[in-house]
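The structure file work-v1.txt is reproduced below (compact mmCIF, C-alpha atoms and all ligand atoms).
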# COMPACT_ATOMS: atom_id res chain seq x y z
CA MET A 1 -10.38 24.68 -51.58
CA GLY A 2 -12.17 27.69 -50.11
CA ARG A 3 -14.53 26.20 -47.58
CA ASP A 4 -15.48 29.41 -45.82
CA SER A 5 -18.75 31.11 -46.57
CA PHE A 6 -19.07 34.71 -47.71
CA LYS A 7 -19.10 37.30 -44.95
CA ILE A 8 -19.86 40.96 -44.49
CA TYR A 9 -16.88 42.56 -42.77
CA ILE A 10 -17.89 45.58 -40.72
CA ASN A 11 -15.20 48.14 -40.09
CA LYS A 12 -15.75 49.30 -36.54
CA ASN A 13 -13.21 52.12 -36.59
CA ASN A 14 -14.72 53.61 -39.71
CA ILE A 15 -18.19 53.65 -38.18
CA ILE A 16 -16.87 55.38 -35.07
CA HIS A 17 -14.97 57.81 -37.30
CA ASN A 18 -18.10 58.58 -39.38
CA PHE A 19 -20.23 59.12 -36.29
CA ASN A 20 -17.69 61.54 -34.82
CA TYR A 21 -17.20 63.31 -38.13
CA ILE A 22 -20.95 63.91 -38.52
CA LYS A 23 -21.23 65.11 -34.95
CA ILE A 24 -18.37 67.59 -35.36
CA ALA A 25 -19.24 68.72 -38.91
CA SER A 26 -22.91 69.32 -38.07
CA ASN A 27 -22.16 70.70 -34.61
CA LYS A 28 -25.33 68.92 -33.44
CA GLU A 29 -26.28 65.82 -31.51
CA VAL A 30 -26.64 62.75 -33.71
CA ILE A 31 -29.70 60.51 -33.65
CA THR A 32 -28.40 57.45 -35.50
CA VAL A 33 -31.00 55.82 -37.73
CA VAL A 34 -30.68 52.03 -37.51
CA LYS A 35 -33.88 50.99 -39.28
CA ALA A 36 -33.97 47.86 -41.45
CA ASN A 37 -31.50 46.00 -39.23
CA ALA A 38 -29.07 48.96 -39.35
CA TYR A 39 -29.43 49.03 -43.15
CA GLY A 40 -28.58 45.35 -43.21
CA HIS A 41 -25.38 45.69 -41.17
CA GLY A 42 -27.00 44.00 -38.17
CA LEU A 43 -28.46 45.72 -35.08
CA ILE A 44 -26.61 43.49 -32.63
CA GLU A 45 -23.32 44.35 -34.32
CA ILE A 46 -23.89 48.07 -34.94
CA ILE A 47 -25.54 49.36 -31.76
CA PRO A 48 -22.66 48.44 -29.40
CA ILE A 49 -20.20 50.09 -31.81
CA LEU A 50 -22.27 53.28 -31.83
CA ILE A 51 -22.64 53.21 -28.06
CA GLU A 52 -18.85 52.98 -27.83
CA ALA A 53 -18.68 55.99 -30.18
CA GLY A 54 -20.88 57.90 -27.73
CA CYS A 55 -24.28 57.59 -29.40
CA ARG A 56 -27.20 57.26 -26.99
CA TYR A 57 -30.05 58.15 -29.32
CA PHE A 58 -31.32 55.78 -32.03
CA ALA A 59 -34.18 55.90 -34.50
CA VAL A 60 -36.06 53.20 -36.39
CA ALA A 61 -39.08 53.15 -38.67
CA ARG A 62 -41.27 50.47 -37.08
CA GLU A 63 -42.53 49.29 -33.73
CA SER A 64 -41.12 45.78 -34.36
CA GLU A 65 -37.65 47.28 -34.86
CA ALA A 66 -37.93 49.28 -31.64
CA MET A 67 -38.97 46.12 -29.77
CA GLU A 68 -35.99 44.27 -31.19
CA ILE A 69 -33.68 46.93 -29.76
CA LEU A 70 -35.50 47.07 -26.42
CA ASN A 71 -35.12 43.29 -26.13
CA LEU A 72 -31.34 43.64 -26.45
CA ASN A 73 -31.45 45.43 -23.06
CA PHE A 74 -28.91 48.15 -23.65
CA SER A 75 -29.10 50.60 -20.79
CA ASN A 76 -29.21 54.37 -21.14
CA ILE A 77 -30.32 54.58 -24.75
CA LYS A 78 -33.36 56.25 -26.25
CA ILE A 79 -35.24 54.91 -29.26
CA LEU A 80 -37.34 57.11 -31.52
CA VAL A 81 -39.89 55.38 -33.78
CA PHE A 82 -40.89 57.18 -37.00
CA GLU A 83 -44.09 55.32 -37.77
CA THR A 84 -47.01 55.49 -35.36
CA LEU A 85 -46.91 52.64 -32.85
CA GLU A 86 -49.62 50.02 -33.17
CA ASP A 87 -49.67 49.66 -29.38
CA LEU A 88 -49.46 53.10 -27.78
CA SER A 89 -49.29 51.62 -24.28
CA LEU A 90 -45.69 50.61 -25.08
CA LEU A 91 -44.80 54.25 -24.40
CA ASN A 92 -45.98 53.91 -20.80
CA ARG A 93 -44.10 50.66 -20.30
CA HIS A 94 -40.87 51.84 -21.93
CA LYS A 95 -39.97 55.36 -20.90
CA ASN A 96 -36.94 55.33 -23.22
CA LEU A 97 -39.22 54.83 -26.23
CA GLU A 98 -40.29 57.89 -28.23
CA MET A 99 -42.70 58.35 -31.09
CA ILE A 100 -43.64 60.85 -33.73
CA ILE A 101 -47.08 62.45 -33.84
CA ASN A 102 -47.91 62.46 -37.54
CA SER A 103 -51.28 64.22 -37.61
CA LEU A 104 -53.76 66.37 -35.73
CA ASP A 105 -55.86 63.26 -35.00
CA GLU A 106 -52.87 61.54 -33.44
CA PHE A 107 -52.19 64.63 -31.33
CA GLN A 108 -55.79 64.53 -30.09
CA GLU A 109 -55.46 60.80 -29.37
CA ALA A 110 -52.27 61.42 -27.38
CA LEU A 111 -54.14 64.04 -25.33
CA ASP A 112 -57.08 61.70 -24.74
CA LEU A 113 -54.79 58.85 -23.67
CA LYS A 114 -52.76 61.24 -21.50
CA LEU A 115 -49.50 60.09 -23.07
CA ASP A 116 -46.28 61.60 -21.76
CA PHE A 117 -45.44 64.36 -24.25
CA ASN A 118 -41.81 64.16 -23.22
CA GLN A 119 -41.82 60.98 -25.36
CA LEU A 120 -43.49 62.61 -28.36
CA HIS A 121 -42.24 64.62 -31.31
CA LEU A 122 -44.53 66.70 -33.50
CA LYS A 123 -43.99 66.25 -37.23
CA PHE A 124 -44.47 69.17 -39.59
CA ASP A 125 -45.14 68.69 -43.25
CA PHE A 126 -44.33 71.25 -45.92
CA GLY A 127 -44.83 69.10 -48.98
CA PHE A 128 -47.74 67.27 -50.45
CA ALA A 129 -47.22 64.06 -48.53
CA ARG A 130 -49.62 65.09 -45.76
CA ASN A 131 -47.54 63.11 -43.35
CA GLY A 132 -47.28 65.52 -40.48
CA ILE A 133 -49.27 68.60 -39.57
CA TYR A 134 -49.55 71.32 -42.20
CA ASP A 135 -49.95 75.07 -42.23
CA SER A 136 -53.74 75.35 -42.14
CA GLN A 137 -53.65 73.32 -38.90
CA PHE A 138 -51.01 75.35 -37.08
CA GLU A 139 -53.53 77.63 -35.35
CA GLU A 140 -55.53 74.73 -33.99
CA ILE A 141 -52.34 73.01 -32.84
CA LYS A 142 -51.20 76.18 -31.11
CA ASN A 143 -54.53 76.45 -29.28
CA LEU A 144 -54.37 72.82 -28.15
CA VAL A 145 -50.74 73.18 -27.06
CA THR A 146 -51.49 76.32 -25.07
CA SER A 147 -54.78 75.25 -23.48
CA ASN A 148 -53.39 71.86 -22.42
CA ASN A 149 -49.98 73.33 -21.54
CA ILE A 150 -48.17 70.75 -23.65
CA PHE A 151 -44.40 70.45 -23.83
CA PHE A 152 -43.25 68.08 -26.57
CA LYS A 153 -39.91 66.31 -26.59
CA GLY A 154 -39.28 67.43 -30.15
CA ALA A 155 -40.36 69.09 -33.36
CA MET A 156 -39.30 67.61 -36.66
CA THR A 157 -39.75 67.47 -40.40
CA HIS A 158 -38.42 65.20 -43.11
CA PHE A 159 -37.05 66.80 -46.28
CA PHE A 160 -38.99 65.57 -49.27
CA ALA A 161 -36.91 67.70 -51.61
CA SER A 162 -33.39 66.97 -52.68
CA SER A 163 -32.22 70.39 -53.82
CA PRO A 164 -30.36 72.47 -51.24
CA THR A 165 -32.44 75.57 -52.04
CA GLU A 166 -35.69 73.76 -51.36
CA MET A 167 -34.26 72.21 -48.19
CA LEU A 168 -33.26 75.66 -46.92
CA GLN A 169 -36.80 76.90 -47.53
CA ILE A 170 -38.36 73.94 -45.71
CA GLN A 171 -35.98 74.46 -42.78
CA LYS A 172 -37.00 78.12 -42.65
CA ASN A 173 -40.69 77.13 -42.68
CA LEU A 174 -40.07 74.64 -39.87
CA ILE A 175 -38.41 77.18 -37.61
CA GLU A 176 -41.18 79.73 -38.31
CA ALA A 177 -43.87 77.17 -37.47
CA ILE A 178 -42.07 76.25 -34.24
CA ASN A 179 -41.76 79.91 -33.28
CA TYR A 180 -45.47 80.43 -33.99
CA ILE A 181 -46.55 77.52 -31.78
CA GLY A 182 -43.97 78.38 -29.13
CA LYS A 183 -40.28 77.57 -29.26
CA ASN A 184 -40.17 76.66 -25.57
CA ARG A 185 -42.74 73.91 -26.26
CA PHE A 186 -40.09 71.73 -27.94
CA LYS A 187 -36.89 70.50 -26.26
CA ILE A 188 -35.20 69.45 -29.47
CA ILE A 189 -35.57 70.16 -33.20
CA HIS A 190 -34.46 67.82 -35.97
CA SER A 191 -34.91 67.67 -39.71
CA GLN A 192 -31.72 66.56 -41.48
CA ASN A 193 -31.02 63.12 -42.88
CA SER A 194 -27.49 62.36 -44.12
CA ALA A 195 -27.72 64.33 -47.37
CA ALA A 196 -29.14 67.39 -45.63
CA THR A 197 -26.50 67.07 -42.90
CA LEU A 198 -23.66 67.01 -45.41
CA LEU A 199 -25.26 70.00 -47.18
CA ASN A 200 -25.53 71.79 -43.84
CA VAL A 201 -29.10 73.05 -44.22
CA GLY A 202 -30.22 72.66 -40.61
CA GLU A 203 -30.00 76.17 -39.18
CA GLY A 204 -32.01 76.24 -35.95
CA SER A 205 -32.08 72.47 -35.42
CA THR A 206 -30.46 70.84 -32.40
CA HIS A 207 -30.10 67.26 -33.70
CA VAL A 208 -29.49 65.47 -37.01
CA ARG A 209 -30.97 62.09 -37.97
CA CYS A 210 -28.34 60.21 -39.92
CA GLY A 211 -28.23 56.61 -41.06
CA ILE A 212 -26.48 55.91 -44.32
CA SER A 213 -23.57 58.32 -43.75
CA VAL A 214 -22.70 56.81 -40.36
CA LEU A 215 -22.48 53.49 -42.18
CA GLY A 216 -20.21 55.05 -44.76
CA MET A 217 -22.29 55.29 -47.91
CA VAL A 218 -23.38 58.57 -49.39
CA ASP A 219 -25.13 59.47 -52.62
CA ILE A 220 -22.87 59.60 -55.65
CA GLY A 221 -23.54 63.32 -55.98
CA LEU A 222 -22.58 63.97 -52.37
CA ILE A 223 -19.19 62.28 -52.09
CA ASP A 224 -17.47 63.49 -48.94
CA ASN A 225 -13.99 62.05 -48.49
CA ASN A 226 -14.35 62.22 -44.73
CA ILE A 227 -17.06 59.57 -44.83
CA LYS A 228 -15.44 56.15 -44.81
CA ARG A 229 -17.11 53.04 -46.11
CA SER A 230 -17.83 50.65 -43.29
CA TRP A 231 -18.42 47.28 -44.90
CA SER A 232 -17.16 44.84 -47.49
CA LEU A 233 -18.53 41.56 -48.83
CA SER A 234 -16.06 38.82 -49.59
CA GLY A 235 -15.30 35.12 -49.48
CA PRO A 236 -13.07 32.54 -51.18
CA VAL A 237 -13.32 30.78 -54.53
CA TYR A 238 -14.84 27.42 -53.58
CA ASN A 239 -13.77 25.52 -56.68
CA ILE A 240 -12.84 25.95 -60.32
CA LYS A 241 -14.19 24.05 -63.31
CA ASN A 242 -13.37 23.98 -67.00
CA PHE A 243 -16.30 24.26 -69.37
CA ASP A 244 -15.24 21.26 -71.43
CA HIS A 245 -16.51 19.11 -68.64
CA LEU A 246 -19.67 21.07 -68.09
CA ASP A 247 -22.70 21.51 -70.21
CA PHE A 248 -24.32 23.57 -67.52
CA ILE A 249 -23.27 26.35 -65.20
CA GLY A 250 -25.65 26.06 -62.28
CA TYR A 251 -28.97 25.41 -63.94
CA GLU A 252 -28.14 27.28 -67.14
CA ARG A 253 -27.01 25.66 -70.36
CA ILE A 254 -23.60 27.12 -71.32
CA ASP A 255 -24.91 27.91 -74.79
CA ASP A 256 -27.49 30.25 -73.25
CA LEU A 257 -24.86 32.26 -71.37
CA ASN A 258 -22.62 34.90 -72.79
CA VAL A 259 -19.26 33.34 -71.90
CA GLY A 260 -17.18 34.94 -74.67
CA ASN A 261 -13.66 33.50 -74.89
CA PHE A 262 -13.64 32.20 -71.34
CA SER A 263 -13.36 28.51 -70.61
CA LYS A 264 -13.32 28.39 -66.80
CA VAL A 265 -15.69 29.27 -64.00
CA ALA A 266 -15.12 29.77 -60.29
CA LYS A 267 -17.90 28.82 -57.92
CA ILE A 268 -18.57 30.93 -54.83
CA LYS A 269 -20.86 30.29 -51.88
CA LEU A 270 -23.16 33.24 -52.35
CA GLY A 271 -26.58 33.28 -53.98
CA TYR A 272 -30.06 34.69 -53.87
CA GLY A 273 -30.67 32.67 -50.70
CA ASP A 274 -28.30 35.21 -49.14
CA GLY A 275 -30.21 38.12 -50.65
CA PHE A 276 -27.68 38.30 -53.50
CA SER A 277 -30.36 38.56 -56.15
CA LYS A 278 -30.17 37.38 -59.75
CA ILE A 279 -29.98 41.03 -60.82
CA ASN A 280 -26.29 40.70 -59.92
CA THR A 281 -25.77 38.51 -62.99
CA ASN A 282 -23.13 40.22 -65.18
CA ILE A 283 -21.75 42.57 -62.52
CA CYS A 284 -18.01 42.55 -61.93
CA CYS A 285 -16.25 41.32 -58.83
CA ASN A 286 -12.65 41.62 -57.77
CA ILE A 287 -10.08 38.82 -57.38
CA ASN A 288 -6.38 39.54 -56.72
CA GLY A 289 -6.79 43.12 -57.93
CA LYS A 290 -8.40 42.14 -61.24
CA THR A 291 -12.04 42.36 -62.21
CA TYR A 292 -14.06 39.34 -63.34
CA GLN A 293 -17.66 38.92 -64.36
CA ILE A 294 -20.35 37.04 -62.48
CA ILE A 295 -22.10 34.90 -65.08
CA HIS A 296 -24.76 33.11 -63.07
CA VAL A 297 -26.48 33.41 -59.69
CA SER A 298 -28.41 30.54 -58.10
CA MET A 299 -29.80 30.07 -54.59
CA ASP A 300 -26.64 28.99 -52.79
CA THR A 301 -23.89 29.63 -55.30
CA SER A 302 -22.78 31.99 -58.03
CA PHE A 303 -20.32 31.48 -60.87
CA ILE A 304 -17.61 33.79 -62.10
CA LEU A 305 -15.85 33.68 -65.47
CA ILE A 306 -12.15 33.46 -64.70
CA ASP A 307 -8.71 33.06 -66.30
CA ASP A 308 -5.59 31.13 -65.24
CA PHE A 309 -4.59 33.70 -62.61
CA VAL A 310 -7.38 32.65 -60.27
CA LYS A 311 -6.87 29.75 -57.86
CA GLU A 312 -9.16 27.96 -55.43
CA GLY A 313 -9.23 29.80 -52.11
CA ASP A 314 -8.48 33.21 -53.65
CA ILE A 315 -10.58 35.96 -52.14
CA VAL A 316 -13.46 37.34 -54.18
CA GLU A 317 -14.73 40.78 -53.26
CA ILE A 318 -18.22 41.79 -54.36
CA TYR A 319 -19.29 45.45 -54.71
CA LYS A 320 -15.70 46.62 -54.13
CA ASN A 321 -16.13 49.36 -56.66
CA PHE A 322 -19.45 50.69 -55.61
CA GLU A 323 -19.95 53.17 -58.42
CA GLU A 324 -19.08 50.51 -60.98
CA SER A 325 -21.60 48.03 -59.55
CA ASN A 326 -24.15 50.79 -59.35
CA LYS A 327 -23.85 51.58 -63.06
CA HIS A 328 -25.04 48.09 -63.76
CA LEU A 329 -27.49 47.57 -60.91
CA ASN A 330 -28.90 51.07 -60.71
CA MET A 331 -29.86 50.48 -57.07
CA ALA A 332 -30.13 53.10 -54.39
CA HIS A 333 -27.01 52.86 -52.24
CA TYR A 334 -29.36 52.06 -49.33
CA GLU A 335 -30.28 48.77 -50.98
CA TYR A 336 -26.86 47.09 -51.03
CA THR A 337 -26.44 45.87 -47.47
CA THR A 338 -30.16 46.04 -46.71
CA LEU A 339 -30.85 43.35 -49.29
CA LEU A 340 -28.16 40.97 -48.01
CA ASN A 341 -29.88 38.79 -45.44
CA LYS A 342 -29.07 37.11 -42.15
CA ARG A 343 -27.57 33.99 -43.73
CA ILE A 344 -24.40 35.99 -44.34
CA PRO A 345 -22.45 36.33 -41.09
CA ARG A 346 -21.50 39.87 -40.09
CA ILE A 347 -17.95 40.03 -38.79
CA ILE A 348 -16.62 43.07 -36.96
CA VAL A 349 -13.01 43.94 -37.81
C1 LIG B 401 -34.34 56.89 -43.00
C2 LIG B 401 -34.62 58.19 -42.36
C3 LIG B 401 -33.55 59.03 -41.99
C4 LIG B 401 -32.10 58.71 -42.28
O1 LIG B 401 -31.80 58.90 -43.64
P1 LIG B 401 -30.29 58.70 -44.17
O2 LIG B 401 -30.35 59.17 -45.57
O3 LIG B 401 -30.01 57.24 -44.06
O4 LIG B 401 -29.39 59.50 -43.31
C5 LIG B 401 -33.86 60.21 -41.31
N1 LIG B 401 -35.13 60.55 -41.05
C6 LIG B 401 -36.19 59.78 -41.42
C7 LIG B 401 -37.57 60.21 -41.07
C8 LIG B 401 -35.97 58.58 -42.09
O5 LIG B 401 -37.00 57.82 -42.45

What would you get if you wrote out this structure as structure tokens?
Amino acid sequence: MGRDSFKIYINKNNIIHNFNYIKIASNKEVITVVKANAYGHGLIEIIPILIEAGCRYFAVARESEAMEILNLNFSNIKILVFETLEDLSLLNRHKNLEMIINSLDEFQEALDLKLDFNQLHLKFDFGFARNGIYDSQFEEIKNLVTSNNIFFKGAMTHFFASSPTEMLQIQKNLIEAINYIGKNRFKIIHSQNSAATLLNVGEGSTHVRCGISVLGMVDIGLIDNNIKRSWSLSGPVYNIKNFDHLDFIGYERIDDLNVGNFSKVAKIKLGYGDGFSKINTNICCNINGKTYQIIHVSMDTSFILIDDFVKEGDIVEIYKNFEESNKHLNMAHYEYTTLLNKRIPRIIV
């Protein structure tokens, strides 16, 4: 009997490989984005691996995520927060914490509060999102920067477009805006997420901000064989039952399920209580090199239609064929590990 629970196995060497590949391919410093619990991989697991790889610069979306990292007490790392902090005084208490200035008002507030601009990055916006400063404000920004003799830590933008041509144009606009305000006013420049890094559209930037590629998952359209997947989800078949003895699978009446010619189910210890949502009903999983269909998902367990080749204790791998699962689930690749919650242990291999 397979007593063990399902686990996410994190491939340490592949993460280190991906980090180094991105650093070398981009020829820039890498700010590794570890928001959403390192996209579900686990902050406590991932940050030490990245530190070993040589990363000293991390980014998250929220204040709470930054605090979580600060509380882990890693020395010599910097943490950049994308969203405006709720408590700006954190910047004074944590000199390794950095934040993005998202608007002219926030810039003014930072001046009023006499924040240390060596912890602040100015965000430029070239789309319609109005998240960041935009062209009609550049003159006013330049005047404030000059009259207060401000030197920011960084200048940045986030690509809202996904076509390389549009990204190149935005990058050009960014560099022009920086030159207009004063290039020497910004120590570092960053704009590229993983897709833009792999497309190499960051001329003039000093850093890249990559998350998903370091963790080994890239958009289907952007497959790069140098990026190695860094996780797998697997666990054993807990037990096997014949239908003859069962009117129900989980809480579902057999008659209501599409079981075809099958007459056996395998039970696994994985369910929506682990973040393995019911939308996974009908996806395929892999046992002994063969694919089988998940027929039912409940809170703690799921059931798989199986044949005579499957035995108790055999290892079931979920999401092994990522593109195949994606055809059915139609999820962004970011969602896979992010959705799987803390009940599933993360094991570094
Ligand atoms: C999430 C995020 C990134 C990283 O994106 P990936 O596609 O995971 O590389 C970079 N910059 C900002 C502002 C982000 O929010």

Box in all listed atoms of ligand LIG 401 (chain B), axis-aligned, with 3 Å more on each side; write out centre and edge lengths in Å to one decimal as JSON.
{"center_x": -33.5, "center_y": 58.7, "center_z": -43.3, "size_x": 14.2, "size_y": 9.7, "size_z": 10.5}

Please identify every residue of chain A that has at least one atom no farther than 9 Å from an atom of ligand LIG 401 (chain B), counting only C-alpha atoms and all ligand atoms, and for each give the shortest atom pair and the distance in Å to one decimal, arranged by chain then increasing number, as a tab-separated table.
residue	atom	partner	partner_atom	distance
A:Ile31	CA	B:LIG401	C5	8.7
A:Thr32	CA	B:LIG401	C4	7.8
A:Val33	CA	B:LIG401	C4	5.5
A:Val34	CA	B:LIG401	C1	8.2
A:Lys35	CA	B:LIG401	C1	7.0
A:Tyr39	CA	B:LIG401	O3	8.3
A:Ala59	CA	B:LIG401	C5	8.1
A:Val60	CA	B:LIG401	O5	7.7
A:Ala61	CA	B:LIG401	O5	6.4
A:Phe82	CA	B:LIG401	C7	6.1
A:Glu83	CA	B:LIG401	C7	8.8
A:Met156	CA	B:LIG401	C7	8.8
A:Thr157	CA	B:LIG401	C7	7.6
A:His158	CA	B:LIG401	C7	5.5
A:Phe159	CA	B:LIG401	N1	8.4
A:His190	CA	B:LIG401	N1	8.9
A:Ser191	CA	B:LIG401	N1	7.2
A:Gln192	CA	B:LIG401	C5	6.7
A:Asn193	CA	B:LIG401	O4	4.0
A:Ser194	CA	B:LIG401	O4	3.5
A:Ala195	CA	B:LIG401	O2	6.1
A:Ala196	CA	B:LIG401	O4	8.2
A:Thr197	CA	B:LIG401	O4	8.1
A:Val208	CA	B:LIG401	C5	8.1
A:Arg209	CA	B:LIG401	C5	4.8
A:Cys210	CA	B:LIG401	O4	3.6
A:Gly211	CA	B:LIG401	O3	3.5
A:Ile212	CA	B:LIG401	O3	3.8
A:Ser213	CA	B:LIG401	O4	6.0
A:Val214	CA	B:LIG401	O4	7.8
A:Leu215	CA	B:LIG401	O3	8.6
A:Met217	CA	B:LIG401	O3	8.8
A:Val218	CA	B:LIG401	O2	8.0
A:Asp219	CA	B:LIG401	O2	8.8
A:Tyr334	CA	B:LIG401	O3	7.4

In the coordinate frame of the file, compute which residues have an atom within 12 Å of (-47.7, 53.7, -24.0) when using all atoms listed in the file, and state them as a VMD selection string.
chain A and resid 63 84 to 99 109 to 110 113 to 117 119 to 120

Applying 12 Å and only C-alpha atoms, which residues near A:Arg253 remain after dropping the ones on its own chain fewer than 6 positions away? List them as a count of residues only.
6

Atom CA of A:Gln108 and atom CA of A:Ile175 are how many Å apart?
22.8 Å

For atom CA of A:Arg229 and atom CA of A:Phe6, the interatomic separation in Å (one decimal)
18.5 Å

Exercise: residues within 12 Å of coordinate (-21.7, 69.8, -36.2), counting all atoms listed in the file, as a list in words:
Phe19, Asn20, Tyr21, Ile22, Lys23, Ile24, Ala25, Ser26, Asn27, Lys28, Glu29, Val30, Gln192, Thr197, Leu198, Leu199, Asn200, Val201, Gly202, Glu203, Ser205, Thr206, His207 and Val208 of chain A

Which residues, written as a PyMOL selection string, have at least one atom at most 9 Å from A:Glu324, with all atoms listed in the file counted and residues fewer than 5 positions away on the same chain left out?
chain A and resi 283-284+319+329

For stretch 278-282 of chain A, find every residue with an atom within 10 Å (counting all atoms listed in the file), except residues of its own chain fewer than 2 positions away, and show them as a PyMOL selection string.
chain A and resi 258+271-272+275-276+284-285+292-299+302-305+318-319+325+328-329

Just write the chosen residues, C-alpha atoms, as a PDB file, in the coordinates of the input.
ATOM      1  CA  ASN A 258     -22.620  34.900 -72.790  1.00  0.00           C
ATOM      2  CA  GLY A 271     -26.580  33.280 -53.980  1.00  0.00           C
ATOM      3  CA  TYR A 272     -30.060  34.690 -53.870  1.00  0.00           C
ATOM      4  CA  GLY A 275     -30.210  38.120 -50.650  1.00  0.00           C
ATOM      5  CA  PHE A 276     -27.680  38.300 -53.500  1.00  0.00           C
ATOM      6  CA  CYS A 284     -18.010  42.550 -61.930  1.00  0.00           C
ATOM      7  CA  CYS A 285     -16.250  41.320 -58.830  1.00  0.00           C
ATOM      8  CA  TYR A 292     -14.060  39.340 -63.340  1.00  0.00           C
ATOM      9  CA  GLN A 293     -17.660  38.920 -64.360  1.00  0.00           C
ATOM     10  CA  ILE A 294     -20.350  37.040 -62.480  1.00  0.00           C
ATOM     11  CA  ILE A 295     -22.100  34.900 -65.080  1.00  0.00           C
ATOM     12  CA  HIS A 296     -24.760  33.110 -63.070  1.00  0.00           C
ATOM     13  CA  VAL A 297     -26.480  33.410 -59.690  1.00  0.00           C
ATOM     14  CA  SER A 298     -28.410  30.540 -58.100  1.00  0.00           C
ATOM     15  CA  MET A 299     -29.800  30.070 -54.590  1.00  0.00           C
ATOM     16  CA  SER A 302     -22.780  31.990 -58.030  1.00  0.00           C
ATOM     17  CA  PHE A 303     -20.320  31.480 -60.870  1.00  0.00           C
ATOM     18  CA  ILE A 304     -17.610  33.790 -62.100  1.00  0.00           C
ATOM     19  CA  LEU A 305     -15.850  33.680 -65.470  1.00  0.00           C
ATOM     20  CA  ILE A 318     -18.220  41.790 -54.360  1.00  0.00           C
ATOM     21  CA  TYR A 319     -19.290  45.450 -54.710  1.00  0.00           C
ATOM     22  CA  SER A 325     -21.600  48.030 -59.550  1.00  0.00           C
ATOM     23  CA  HIS A 328     -25.040  48.090 -63.760  1.00  0.00           C
ATOM     24  CA  LEU A 329     -27.490  47.570 -60.910  1.00  0.00           C
TER      25      LEU A 329
END

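Reported to one decimal place, the separation of atom CA of A:Thr337 from atom CA of A:Gly40 is 4.8 Å.
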
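Among A:Asp256, A:Phe262, A:Lys290, A:Gly221, the residue with the shortest atom-to-atom distance to A:Ser162, counting all atoms listed in the file, is A:Gly221.
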
Using only C-alpha atoms, can you tell me which of A:Phe248, A:Asn118, A:Lys172, A:Asn226 comes closest to A:Ile188?
A:Asn118

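Closest approach to A:Gly182 from the set A:Phe152, A:Phe124, A:Tyr134, A:Tyr251 is made by A:Phe152, with distances taken over all atoms listed in the file.
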
Selected residue of minimal separation from A:Arg3 among A:Glu176, A:Glu323, A:Glu312, A:Glu166, counting only C-alpha atoms:
A:Glu312

Rank nothing, just name the residue among A:Ser64, A:Asn288, A:Asn11, A:Ser147 nearest to A:His41, using only C-alpha atoms.
A:Asn11
